[in-house]
$ cat protein.cif   # mmCIF, C-alpha atoms and all ligand atoms
data_protein
#
loop_
_atom_site.group_PDB
_atom_site.id
_atom_site.type_symbol
_atom_site.label_atom_id
_atom_site.label_comp_id
_atom_site.auth_asym_id
_atom_site.auth_seq_id
_atom_site.Cartn_x
_atom_site.Cartn_y
_atom_site.Cartn_z
ATOM 1 C CA MET A 1 -23.021 -0.400 4.094
ATOM 2 C CA ALA A 2 -20.309 0.216 1.495
ATOM 3 C CA ARG A 3 -17.162 -1.864 1.123
ATOM 4 C CA LEU A 4 -14.086 0.326 1.229
ATOM 5 C CA GLY A 5 -10.621 -0.844 0.127
ATOM 6 C CA ILE A 6 -7.732 0.797 1.986
ATOM 7 C CA MET A 7 -4.588 0.599 -0.110
ATOM 8 C CA GLY A 8 -1.743 1.091 2.367
ATOM 9 C CA GLY A 9 1.826 1.552 1.189
ATOM 10 C CA THR A 10 4.881 3.757 1.060
ATOM 11 C CA PHE A 11 4.373 4.274 -2.711
ATOM 12 C CA ASP A 12 7.958 5.423 -3.316
ATOM 13 C CA PRO A 13 7.066 5.586 -6.158
ATOM 14 C CA ILE A 14 3.581 4.245 -6.961
ATOM 15 C CA HIS A 15 3.615 1.963 -10.054
ATOM 16 C CA TYR A 16 1.332 -0.175 -12.240
ATOM 17 C CA GLY A 17 1.713 -3.138 -9.832
ATOM 18 C CA HIS A 18 -0.008 -1.096 -7.104
ATOM 19 C CA LEU A 19 -2.703 0.172 -9.486
ATOM 20 C CA MET A 20 -3.439 -3.331 -10.799
ATOM 21 C CA THR A 21 -3.573 -4.650 -7.225
ATOM 22 C CA ALA A 22 -6.197 -2.071 -6.284
ATOM 23 C CA GLU A 23 -8.262 -2.725 -9.410
ATOM 24 C CA GLU A 24 -8.070 -6.506 -9.006
ATOM 25 C CA ALA A 25 -9.071 -6.275 -5.319
ATOM 26 C CA ARG A 26 -11.938 -3.899 -6.197
ATOM 27 C CA GLU A 27 -13.333 -6.336 -8.731
ATOM 28 C CA ARG A 28 -12.699 -9.562 -6.756
ATOM 29 C CA PHE A 29 -14.106 -8.340 -3.434
ATOM 30 C CA GLY A 30 -16.865 -6.082 -4.783
ATOM 31 C CA LEU A 31 -15.332 -2.933 -3.283
ATOM 32 C CA ASP A 32 -17.229 0.300 -3.919
ATOM 33 C CA LYS A 33 -14.107 2.438 -3.683
ATOM 34 C CA VAL A 34 -10.376 2.070 -3.084
ATOM 35 C CA LEU A 35 -8.735 4.708 -0.926
ATOM 36 C CA PHE A 36 -4.965 4.934 -1.418
ATOM 37 C CA VAL A 37 -3.254 5.849 1.864
ATOM 38 C CA PRO A 38 0.429 6.758 1.451
ATOM 39 C CA SER A 39 2.199 6.277 4.780
ATOM 40 C CA GLY A 40 3.742 9.257 6.577
ATOM 41 C CA HIS A 41 6.702 7.836 8.480
ATOM 42 C CA PRO A 42 6.724 4.017 8.032
ATOM 43 C CA PRO A 43 7.696 2.370 11.348
ATOM 44 C CA HIS A 44 10.240 -0.036 9.827
ATOM 45 C CA LYS A 45 12.118 2.588 7.774
ATOM 46 C CA LYS A 46 14.401 5.509 8.597
ATOM 47 C CA LEU A 47 12.838 8.806 7.514
ATOM 48 C CA THR A 48 15.975 9.541 5.486
ATOM 49 C CA ASP A 49 15.344 6.296 3.567
ATOM 50 C CA VAL A 50 11.998 7.399 2.128
ATOM 51 C CA SER A 51 11.079 10.315 -0.098
ATOM 52 C CA ASP A 52 9.233 13.249 1.387
ATOM 53 C CA ALA A 53 5.619 12.303 2.163
ATOM 54 C CA GLU A 54 4.287 15.210 0.036
ATOM 55 C CA HIS A 55 6.112 13.847 -3.040
ATOM 56 C CA ARG A 56 4.683 10.355 -2.453
ATOM 57 C CA TYR A 57 1.202 11.767 -1.841
ATOM 58 C CA LEU A 58 1.283 13.881 -5.033
ATOM 59 C CA MET A 59 2.571 10.972 -7.160
ATOM 60 C CA THR A 60 -0.295 8.852 -5.805
ATOM 61 C CA VAL A 61 -2.826 11.560 -6.728
ATOM 62 C CA LEU A 62 -1.416 11.786 -10.276
ATOM 63 C CA ALA A 63 -1.439 7.996 -10.731
ATOM 64 C CA THR A 64 -5.034 7.496 -9.564
ATOM 65 C CA LEU A 65 -6.610 10.507 -11.299
ATOM 66 C CA SER A 66 -8.248 8.640 -14.182
ATOM 67 C CA ASN A 67 -10.050 5.967 -12.128
ATOM 68 C CA PRO A 68 -13.365 7.207 -10.630
ATOM 69 C CA ALA A 69 -13.281 4.387 -8.042
ATOM 70 C CA PHE A 70 -9.871 5.469 -6.698
ATOM 71 C CA GLU A 71 -9.277 8.226 -4.136
ATOM 72 C CA VAL A 72 -6.270 9.283 -2.069
ATOM 73 C CA SER A 73 -6.304 10.023 1.653
ATOM 74 C CA ARG A 74 -3.949 12.271 3.625
ATOM 75 C CA VAL A 75 -4.695 10.702 7.023
ATOM 76 C CA ASP A 76 -1.233 9.142 7.395
ATOM 77 C CA VAL A 77 0.663 11.999 5.724
ATOM 78 C CA ASP A 78 -0.954 14.556 8.050
ATOM 79 C CA ARG A 79 -0.679 12.576 11.321
ATOM 80 C CA GLU A 80 2.405 13.493 13.381
ATOM 81 C CA GLY A 81 4.895 10.773 14.275
ATOM 82 C CA ILE A 82 5.270 7.193 13.126
ATOM 83 C CA THR A 83 2.529 5.716 10.919
ATOM 84 C CA TYR A 84 0.895 2.767 12.641
ATOM 85 C CA THR A 85 -1.851 0.956 10.738
ATOM 86 C CA VAL A 86 -4.011 0.767 13.859
ATOM 87 C CA ASP A 87 -4.158 4.611 13.853
ATOM 88 C CA THR A 88 -4.902 4.648 10.110
ATOM 89 C CA LEU A 89 -7.818 2.268 10.620
ATOM 90 C CA ARG A 90 -9.182 4.169 13.635
ATOM 91 C CA ASP A 91 -9.103 7.456 11.663
ATOM 92 C CA LEU A 92 -10.820 5.855 8.690
ATOM 93 C CA HIS A 93 -13.502 4.240 10.865
ATOM 94 C CA ARG A 94 -14.244 7.715 12.186
ATOM 95 C CA LEU A 95 -14.447 9.146 8.648
ATOM 96 C CA TYR A 96 -16.421 6.212 7.203
ATOM 97 C CA PRO A 97 -18.377 4.898 10.226
ATOM 98 C CA ASP A 98 -20.806 2.793 8.176
ATOM 99 C CA ASP A 99 -18.307 1.158 5.843
ATOM 100 C CA GLU A 100 -16.709 -2.269 5.934
ATOM 101 C CA LEU A 101 -12.922 -1.851 5.606
ATOM 102 C CA TYR A 102 -10.523 -4.057 3.619
ATOM 103 C CA PHE A 103 -6.841 -3.229 4.111
ATOM 104 C CA ILE A 104 -4.902 -4.100 0.952
ATOM 105 C CA THR A 105 -1.140 -4.379 0.957
ATOM 106 C CA GLY A 106 1.839 -6.512 -0.077
ATOM 107 C CA ALA A 107 1.972 -10.116 1.184
ATOM 108 C CA ASP A 108 5.383 -9.573 2.811
ATOM 109 C CA ALA A 109 3.949 -6.721 4.855
ATOM 110 C CA VAL A 110 0.883 -8.814 5.831
ATOM 111 C CA LEU A 111 3.162 -11.565 7.120
ATOM 112 C CA GLU A 112 4.641 -9.044 9.561
ATOM 113 C CA ILE A 113 1.278 -7.956 10.992
ATOM 114 C CA ILE A 114 1.792 -9.922 14.205
ATOM 115 C CA THR A 115 4.689 -7.548 14.978
ATOM 116 C CA TRP A 116 2.639 -4.394 14.317
ATOM 117 C CA LYS A 117 1.249 -2.150 17.053
ATOM 118 C CA ASP A 118 -1.997 -3.586 18.539
ATOM 119 C CA ALA A 119 -1.756 -6.608 16.203
ATOM 120 C CA HIS A 120 -4.834 -8.365 17.599
ATOM 121 C CA ARG A 121 -6.985 -5.226 17.485
ATOM 122 C CA LEU A 122 -6.181 -4.851 13.755
ATOM 123 C CA VAL A 123 -8.173 -7.915 12.722
ATOM 124 C CA GLU A 124 -11.210 -6.519 14.556
ATOM 125 C CA LEU A 125 -10.975 -3.290 12.562
ATOM 126 C CA CYS A 126 -10.753 -4.712 9.019
ATOM 127 C CA ASP A 127 -10.193 -7.664 6.732
ATOM 128 C CA PHE A 128 -6.788 -7.945 5.045
ATOM 129 C CA ILE A 129 -6.133 -8.526 1.348
ATOM 130 C CA ALA A 130 -2.552 -9.663 0.731
ATOM 131 C CA ALA A 131 -1.251 -9.024 -2.785
ATOM 132 C CA THR A 132 1.399 -11.423 -4.055
ATOM 133 C CA ARG A 133 3.800 -11.483 -6.952
ATOM 134 C CA PRO A 134 3.448 -14.532 -9.284
ATOM 135 C CA GLY A 135 5.035 -17.652 -7.812
ATOM 136 C CA TYR A 136 4.633 -16.452 -4.213
ATOM 137 C CA PRO A 137 3.855 -19.424 -1.901
ATOM 138 C CA ILE A 138 0.307 -18.352 -0.958
ATOM 139 C CA ASP A 139 -0.461 -21.695 0.765
ATOM 140 C CA ALA A 140 2.480 -21.245 3.131
ATOM 141 C CA LEU A 141 1.440 -17.646 3.852
ATOM 142 C CA GLU A 142 -2.157 -18.730 4.504
ATOM 143 C CA GLU A 143 -0.933 -21.455 6.872
ATOM 144 C CA LYS A 144 1.327 -19.068 8.813
ATOM 145 C CA LEU A 145 -1.406 -16.462 9.218
ATOM 146 C CA GLY A 146 -3.930 -19.166 10.176
ATOM 147 C CA ALA A 147 -1.551 -20.388 12.892
ATOM 148 C CA LEU A 148 -1.017 -16.849 14.225
ATOM 149 C CA TYR A 149 -4.679 -15.827 14.118
ATOM 150 C CA THR A 150 -6.463 -19.098 14.988
ATOM 151 C CA ASP A 151 -9.818 -17.379 15.593
ATOM 152 C CA CYS A 152 -9.657 -15.204 12.485
ATOM 153 C CA ARG A 153 -8.558 -17.291 9.492
ATOM 154 C CA GLU A 154 -11.323 -15.700 7.424
ATOM 155 C CA CYS A 155 -9.918 -12.202 8.062
ATOM 156 C CA PHE A 156 -7.188 -12.777 5.454
ATOM 157 C CA HIS A 157 -7.675 -12.913 1.690
ATOM 158 C CA PHE A 158 -5.139 -13.289 -1.094
ATOM 159 C CA VAL A 159 -4.836 -11.952 -4.590
ATOM 160 C CA GLU A 160 -2.109 -12.767 -7.117
ATOM 161 C CA VAL A 161 -1.146 -9.804 -9.299
ATOM 162 C CA PRO A 162 1.196 -10.483 -12.251
ATOM 163 C CA ALA A 163 2.017 -6.756 -12.557
ATOM 164 C CA LEU A 164 3.598 -6.905 -9.083
ATOM 165 C CA ALA A 165 6.719 -8.131 -10.866
ATOM 166 C CA ILE A 166 7.233 -4.347 -10.967
ATOM 167 C CA SER A 167 8.731 -2.999 -7.737
ATOM 168 C CA SER A 168 9.451 0.463 -6.331
ATOM 169 C CA THR A 169 12.966 -0.657 -5.336
ATOM 170 C CA ASP A 170 13.736 -1.584 -8.947
ATOM 171 C CA ILE A 171 12.313 1.711 -10.259
ATOM 172 C CA ARG A 172 14.508 3.721 -7.855
ATOM 173 C CA ALA A 173 17.573 1.702 -8.932
ATOM 174 C CA ARG A 174 16.748 2.299 -12.595
ATOM 175 C CA VAL A 175 16.534 6.078 -12.077
ATOM 176 C CA ARG A 176 19.847 6.058 -10.190
ATOM 177 C CA GLU A 177 21.505 4.077 -12.981
ATOM 178 C CA GLY A 178 19.950 6.140 -15.790
ATOM 179 C CA ARG A 179 17.933 3.184 -17.097
ATOM 180 C CA PRO A 180 14.367 3.570 -18.463
ATOM 181 C CA ILE A 181 11.300 3.526 -16.189
ATOM 182 C CA ARG A 182 8.656 4.339 -18.824
ATOM 183 C CA TYR A 183 5.793 1.786 -18.995
ATOM 184 C CA LEU A 184 6.429 0.638 -15.411
ATOM 185 C CA LEU A 185 4.354 3.485 -13.967
ATOM 186 C CA PRO A 186 1.986 6.188 -15.276
ATOM 187 C CA GLU A 187 3.618 8.787 -17.507
ATOM 188 C CA SER A 188 2.514 11.636 -15.225
ATOM 189 C CA VAL A 189 4.502 10.043 -12.376
ATOM 190 C CA VAL A 190 7.542 9.607 -14.647
ATOM 191 C CA TYR A 191 7.368 13.354 -15.401
ATOM 192 C CA TYR A 192 6.986 14.145 -11.693
ATOM 193 C CA ILE A 193 10.086 12.085 -10.818
ATOM 194 C CA GLU A 194 12.120 13.783 -13.567
ATOM 195 C CA LYS A 195 10.937 17.285 -12.740
ATOM 196 C CA ASN A 196 11.757 16.904 -9.035
ATOM 197 C CA GLY A 197 14.994 14.964 -9.499
ATOM 198 C CA LEU A 198 13.817 12.080 -7.307
ATOM 199 C CA TYR A 199 15.889 8.899 -6.790
ATOM 200 C CA LEU A 200 18.991 10.236 -8.531
ATOM 201 C CA GLU A 201 21.359 9.422 -5.709
ATOM 202 C CA GLY A 202 21.716 8.010 -2.227
ATOM 203 C CA ARG A 203 19.571 5.310 -0.759
ATOM 204 C CA LYS A 204 18.445 2.095 -2.371
HETATM 205 P P1 LIG B 301 7.155 -2.452 2.367
HETATM 206 O O1 LIG B 301 7.868 -3.149 3.463
HETATM 207 O O2 LIG B 301 7.827 -1.277 1.698
HETATM 208 O O3 LIG B 301 6.691 -3.425 1.225
HETATM 209 C C1 LIG B 301 6.626 -4.811 1.384
HETATM 210 C C2 LIG B 301 6.313 -5.413 0.029
HETATM 211 O O4 LIG B 301 4.937 -5.187 -0.291
HETATM 212 C C3 LIG B 301 7.116 -4.811 -1.105
HETATM 213 O O5 LIG B 301 7.372 -5.847 -2.018
HETATM 214 C C4 LIG B 301 6.163 -3.772 -1.688
HETATM 215 O O6 LIG B 301 6.421 -3.544 -3.070
HETATM 216 C C5 LIG B 301 4.809 -4.425 -1.505
HETATM 217 N N1 LIG B 301 3.707 -3.472 -1.305
HETATM 218 C C6 LIG B 301 3.677 -2.438 -0.421
HETATM 219 N N2 LIG B 301 2.458 -1.853 -0.455
HETATM 220 C C7 LIG B 301 1.736 -2.512 -1.381
HETATM 221 C C8 LIG B 301 0.417 -2.396 -1.855
HETATM 222 N N3 LIG B 301 -0.431 -1.485 -1.338
HETATM 223 N N4 LIG B 301 -0.015 -3.244 -2.823
HETATM 224 C C9 LIG B 301 0.828 -4.181 -3.325
HETATM 225 N N5 LIG B 301 2.089 -4.370 -2.908
HETATM 226 C C10 LIG B 301 2.534 -3.541 -1.940
HETATM 227 O O7 LIG B 301 5.750 -2.022 2.942
HETATM 228 P P2 LIG B 301 5.219 -0.576 3.157
HETATM 229 O O8 LIG B 301 4.786 -0.067 1.822
HETATM 230 O O9 LIG B 301 6.183 0.235 3.954
HETATM 231 O O10 LIG B 301 3.965 -0.834 4.123
HETATM 232 C C11 LIG B 301 2.795 -1.405 3.643
HETATM 233 C C12 LIG B 301 1.658 -0.976 4.563
HETATM 234 O O11 LIG B 301 1.812 -1.609 5.836
HETATM 235 C C13 LIG B 301 1.623 0.522 4.849
HETATM 236 O O12 LIG B 301 0.298 0.953 4.902
HETATM 237 C C14 LIG B 301 2.292 0.640 6.214
HETATM 238 O O13 LIG B 301 1.850 1.782 6.964
HETATM 239 C C15 LIG B 301 1.815 -0.639 6.878
HETATM 240 N N6 LIG B 301 2.731 -1.048 7.955
HETATM 241 C C16 LIG B 301 2.310 -0.873 9.242
HETATM 242 C C17 LIG B 301 3.131 -1.208 10.299
HETATM 243 C C18 LIG B 301 2.651 -0.991 11.738
HETATM 244 O O14 LIG B 301 1.521 -0.574 11.924
HETATM 245 N N7 LIG B 301 3.480 -1.264 12.713
HETATM 246 C C19 LIG B 301 4.415 -1.747 10.031
HETATM 247 C C20 LIG B 301 4.797 -1.916 8.702
HETATM 248 C C21 LIG B 301 3.952 -1.560 7.658
HETATM 249 P P3 LIG B 301 6.812 -2.055 -3.558
HETATM 250 O O15 LIG B 301 8.116 -1.754 -2.863
HETATM 251 O O16 LIG B 301 6.919 -2.170 -5.020
HETATM 252 O O17 LIG B 301 5.715 -1.174 -3.059
#
$ encode --input "protein.cif" --output "structure tokens"
Amino acid sequence: MARLGIMGGTFDPIHYGHLMTAEEARERFGLDKVLFVPSGHPPHKKLTDVSDAEHRYLMTVLATLSNPAFEVSRVDVDREGITYTVDTLRDLHRLYPDDELYFITGADAVLEIITWKDAHRLVELCDFIAATRPGYPIDALEEKLGALYTDCRECFHFVEVPALAISSTDIRARVREGRPIRYLLPESVVYYIEKNGLYLEGRK
């Protein structure tokens, strides 16, 4: 049985914080592979507030190219309608029936899991790895999740990633304001953003 990391996110755009998170989780939890899964239509965001899924998918492919342990999945991009993690996990269980799944995402998103579709089914389908920025109150997060999921405290794991000081929101703001983004994300993704004129105006 292989251990498969599922890196779920909007990745608008993907940056070194995400890549470091995946690599740190891979090493810490002995994952054989990390599958990046860009969301299609995130449930908590208006479609007009996120870049086209194909752009986010292609940026994720470019960013992960050089790491043999990283792959990118289209399951969420190709599924019609709103992206619910329970559907992501069901699809991936079908594709990788023998693997143990670890869903990796930001700590703020993990804290919201109780509000997600089929919240109690989710913890039966995978373990969760919550990635935090430095200084994040992990103890408080652990306590809250423990209180919500009394029978599944061991389903949640935590990893602190200094590079998560980088954020997609900040990168989009920098592009809009004409400030530099180099060294915050892979060069190939910088070129992709420039070539396609992403983040120049509009939403934050
Ligand atoms: P978000 O609300 O945009 O992000 C929350 C925070 O987590 C942000 O600070 C974000 O930083 C960070 N983050 C997001 N993905 C990360 C990752 N893989 N590793 C490290 N940090 C990460 O969250 P989102 O990206 O839209 O959603 C995260 C995942 O949760 C997705 O797979 C989404 O489908 C799932 N989700 C499911 C439901 C549901 O089933 N009802 C609801 C909400 C979210 P950046 O902005 O820098 O990325």
$ residues_around --input "protein.cif" --residues "Asp139 in chain A" --least-positions-apart "6" --cutoff "12 Å" --atoms "only C-alpha atoms" --output "VMD selection string"
chain A and resid 107 132 145 to 146 157 to 159
$ resolve_selection --input "protein.cif" --expression "the PyMOL selection byres (((chain A and resi 109-126) around 8) and not hetatm)" --output "ChimeraX atom specification"
/A:84-86,89-90,100-103,105-108,127-128,130,141,144-145,148,152,155
$ closest_residue --input "protein.cif" --among "A:Leu31, A:Ala173, A:Leu62, A:Leu92" --to "Met1 in chain A" --atoms "all atoms listed in the file"
A:Leu31
$ axis_aligned_box --input "protein.cif" --around "range 14-21 of chain A" --padding-each-side "5 Å" --output "lines of an AutoDock Vina configuration file"
center_x = 0.0
center_y = -0.2
center_z = -9.6
size_x = 17.2
size_y = 18.9
size_z = 15.3
$ resolve_selection --input "protein.cif" --expression "the PyMOL selection byres (((chain A and resi 81) around 9) and not hetatm)" --output "MDAnalysis selection string"
chainID A and resid 40:41 79:80 82:83
$ closest_residue --input "protein.cif" --among "A:Ile166, A:Leu4, A:Ala140, A:Val34" --to "ligand LIG 301 (chain B)" --atoms "all atoms listed in the file"
A:Ile166
$ atom_distance --input "protein.cif" --atom1 "CA of Pro42 in chain A" --atom2 "atom O13 of ligand LIG 301 (chain B)"
5.5 Å
